[in-house]
Amino acid sequence: MSDRSIARPLDGDGTVVADPGTPPTSPGVAAGRAAAGYAVHLFTALGILPVFLAMAEICSPAPDPRLVFLYLAIQVLIDALDGPMARAVDIKRSVPKIDGRSIDDLVDYLSYTFVPLMLVWRMGWVPQPAAAWVVPAMVASLFGFANKGAKDEQAGFFLGFPSYWNVVAFYAGLWHAAAGPWPGAIVIVALTILTVLPVRFIYPNLAPRPWKWPIMIGAVTWTAVLVWMALDYPRTDPRIVTASLAYPAFYVFVSVWVDTRRRKLA
């Protein structure tokens, strides 16, 4: 029998009262859950600190790109940890009045888009006027972040290029050192267009089987290579730079492959 057909006790004004068989949550437990939820929101919001430090370094008389990327990496770590923490405390119920997604999106836009592209502009890693290349990318990413369907977590996809401009900026500095400003400019234009096109890229944490572990292990290995490359940044051996692009190429290939197969099945 459905529970909708079971009579529920009413109070004096006709309001359904709680099921007497379900003990209410004690005030202490509710307060503890709320405190845990606010702590997670605060942790997410603290991502603005490394963003601020990165922007301050960009504005300094002689900015060190390696320091900027270090600060941005700290924010990426915060971004990777706050999601599991939020789910662990059931944050939508423990703190229903605060929209953690809004906090996350604001900090993410600054750290993944605005600050990295400002670094590209500041360092002159694209042809002058540099603003002509980076501003369209910033605008395209704004539309990407504002798109409610940008993250299809159920299917495990991002819609459009997922604004990994911190990675693009890292490679733009390497390409500029090896071949001048045009390689970075061409890549930025291509990814700006892909940001607003209806193409889909795999959400690494939610990649379908059997691709999840190859993508995750590849990402960890690739990150270690980026750290190694940063030691001599931006004068890294061009052969190492070229070899490091194997993982992004693999990620794009798998994204196109899985998306194409799913569209055919649909």
# chains A, B, ... in the order shown; residues from 1 in each chain; ligands from 1

call {"tool": "residues_around", "arguments": {"residues": "Lys148 of chain A", "least_positions_apart": "3", "cutoff": "12 Å", "atoms": "only C-alpha atoms", "output": "ChimeraX atom specification"}}
result
/A:101-102,105,142-145,151-153,158-159

call {"tool": "write_last_selection", "arguments": {"atoms": "N, CA and C atoms", "output": "compact mmCIF listing (two decimals), in the first residue's frame"}}
result
# COMPACT_ATOMS: atom_id res chain seq x y z
N ARG A 101 26.55 26.40 -5.03
CA ARG A 101 26.90 26.39 -6.47
C ARG A 101 27.25 27.80 -6.94
N SER A 102 26.57 28.82 -6.41
CA SER A 102 26.88 30.19 -6.80
C SER A 102 28.27 30.59 -6.32
N ASP A 105 30.78 28.75 -8.54
CA ASP A 105 30.86 29.28 -9.90
C ASP A 105 31.61 30.61 -9.93
N LEU A 142 31.81 33.39 -19.70
CA LEU A 142 30.67 33.89 -18.92
C LEU A 142 29.39 33.19 -19.35
N PHE A 143 29.20 33.06 -20.66
CA PHE A 143 28.02 32.35 -21.15
C PHE A 143 28.08 30.88 -20.76
N GLY A 144 29.28 30.31 -20.76
CA GLY A 144 29.41 28.92 -20.35
C GLY A 144 29.03 28.71 -18.90
N PHE A 145 29.50 29.59 -18.02
CA PHE A 145 29.17 29.46 -16.60
C PHE A 145 27.69 29.75 -16.34
N LYS A 151 26.84 21.78 -17.11
CA LYS A 151 27.29 20.57 -16.43
C LYS A 151 26.16 19.55 -16.40
N ASP A 152 26.31 18.50 -17.21
CA ASP A 152 25.35 17.40 -17.20
C ASP A 152 25.97 16.28 -16.37
N GLU A 153 25.84 16.42 -15.04
CA GLU A 153 26.50 15.48 -14.15
C GLU A 153 25.93 14.08 -14.26
N PHE A 158 30.54 17.94 -19.79
CA PHE A 158 30.45 19.39 -19.86
C PHE A 158 29.93 19.74 -21.24
N LEU A 159 29.12 20.79 -21.32
CA LEU A 159 28.67 21.30 -22.61
C LEU A 159 29.60 22.43 -23.03

call {"tool": "closest_atom_pairs", "arguments": {"of": "segment 116-201 of chain A", "to": "segment 213-235 of chain A", "cutoff": "10 Å", "atoms": "only C-alpha atoms", "output": "tab-separated table"}}
result
residue	atom	partner	partner_atom	distance
A:Val167	CA	A:Leu226	CA	9.4
A:Phe170	CA	A:Pro234	CA	8.7
A:Tyr171	CA	A:Pro234	CA	8.8
A:Ala172	CA	A:Pro234	CA	9.4
A:Gly173	CA	A:Pro234	CA	6.0
A:Leu174	CA	A:Pro234	CA	5.0
A:Trp175	CA	A:Pro234	CA	8.5
A:His176	CA	A:Pro234	CA	8.4
A:Ala177	CA	A:Pro234	CA	6.3
A:Ala178	CA	A:Arg235	CA	7.7

call {"tool": "closest_residue", "arguments": {"among": "A:Leu110, A:Val241, A:Val196, A:Gly180", "to": "Gly149 of chain A", "atoms": "only C-alpha atoms"}}
result
A:Val196

call {"tool": "select_by_dssp", "arguments": {"residues": "segment 114-150 of chain A", "states": "helix (DSSP H, G or I)", "output": "PyMOL selection string"}}
result
chain A and resi 114-123+131-146

call {"tool": "residues_around", "arguments": {"residues": "Pro96 of chain A", "least_positions_apart": "3", "cutoff": "12 Å", "atoms": "only C-alpha atoms", "output": "list in words"}}
result
Arg33, Ala34, Gly37, Tyr38, His41, Val89, Asp90, Ile91, Lys92, Arg93, Asp99, Gly100 and Arg101 of chain A

call {"tool": "write_last_selection", "arguments": {"atoms": "C-alpha atoms", "output": "PDB file, in the first residue's frame"}}
result
ATOM      1  CA  ARG A  33      24.767  19.756  10.601  1.00  0.00           C
ATOM      2  CA  ALA A  34      24.315  23.463   9.899  1.00  0.00           C
ATOM      3  CA  GLY A  37      27.511  22.958   6.117  1.00  0.00           C
ATOM      4  CA  TYR A  38      28.656  26.512   6.786  1.00  0.00           C
ATOM      5  CA  HIS A  41      30.776  26.854   2.279  1.00  0.00           C
ATOM      6  CA  VAL A  89      27.314  16.837   5.017  1.00  0.00           C
ATOM      7  CA  ASP A  90      24.241  16.836   2.723  1.00  0.00           C
ATOM      8  CA  ILE A  91      24.785  20.545   2.313  1.00  0.00           C
ATOM      9  CA  LYS A  92      21.543  21.380   0.495  1.00  0.00           C
ATOM     10  CA  ARG A  93      19.597  20.242   3.546  1.00  0.00           C
ATOM     11  CA  ASP A  99      23.606  28.350  -2.671  1.00  0.00           C
ATOM     12  CA  GLY A 100      27.043  26.755  -2.689  1.00  0.00           C
ATOM     13  CA  ARG A 101      26.897  26.388  -6.466  1.00  0.00           C
TER      14      ARG A 101
END

call {"tool": "residues_around", "arguments": {"residues": "Ile193 of chain A", "least_positions_apart": "6", "cutoff": "9 Å", "atoms": "only C-alpha atoms", "output": "list in words"}}
result
Ala137, Ala140, Gly160 and Phe161 of chain A

call {"tool": "write_last_selection", "arguments": {"atoms": "N, CA and C atoms", "output": "compact mmCIF listing (two decimals), in the first residue's frame"}}
result
# COMPACT_ATOMS: atom_id res chain seq x y z
N ALA A 137 37.41 35.41 -25.07
CA ALA A 137 37.43 34.16 -24.30
C ALA A 137 36.74 34.35 -22.95
N ALA A 140 32.95 34.47 -23.65
CA ALA A 140 32.43 33.14 -23.96
C ALA A 140 32.30 32.29 -22.71
N GLY A 160 30.30 22.24 -24.16
CA GLY A 160 31.27 23.22 -24.60
C GLY A 160 32.61 23.03 -23.90
N PHE A 161 33.63 23.72 -24.38
CA PHE A 161 34.94 23.66 -23.72
C PHE A 161 34.78 24.10 -22.27

call {"tool": "closest_atom_pairs", "arguments": {"of": "segment 105-194 of chain A", "to": "segment 77-80 of chain A", "cutoff": "12 Å", "atoms": "only C-alpha atoms", "output": "Markdown table"}}
result
| residue | atom | partner | partner_atom | distance |
| --- | --- | --- | --- | --- |
| A:Asp105 | CA | A:Asp79 | CA | 10.2 |
| A:Leu106 | CA | A:Asp79 | CA | 11.7 |
| A:Val107 | CA | A:Asp79 | CA | 9.0 |
| A:Asp108 | CA | A:Asp79 | CA | 7.9 |
| A:Tyr109 | CA | A:Asp79 | CA | 11.7 |
| A:Ser111 | CA | A:Asp79 | CA | 10.0 |
| A:Tyr112 | CA | A:Asp79 | CA | 10.6 |

call {"tool": "select_by_dssp", "arguments": {"residues": "segment 15-259 of chain A", "states": "strand (DSSP E or B)", "output": "list in words"}}
result
Val16, Lys151, Asp152, Phe157, Phe158, Leu159, Arg200, Phe201 and Ile202 of chain A
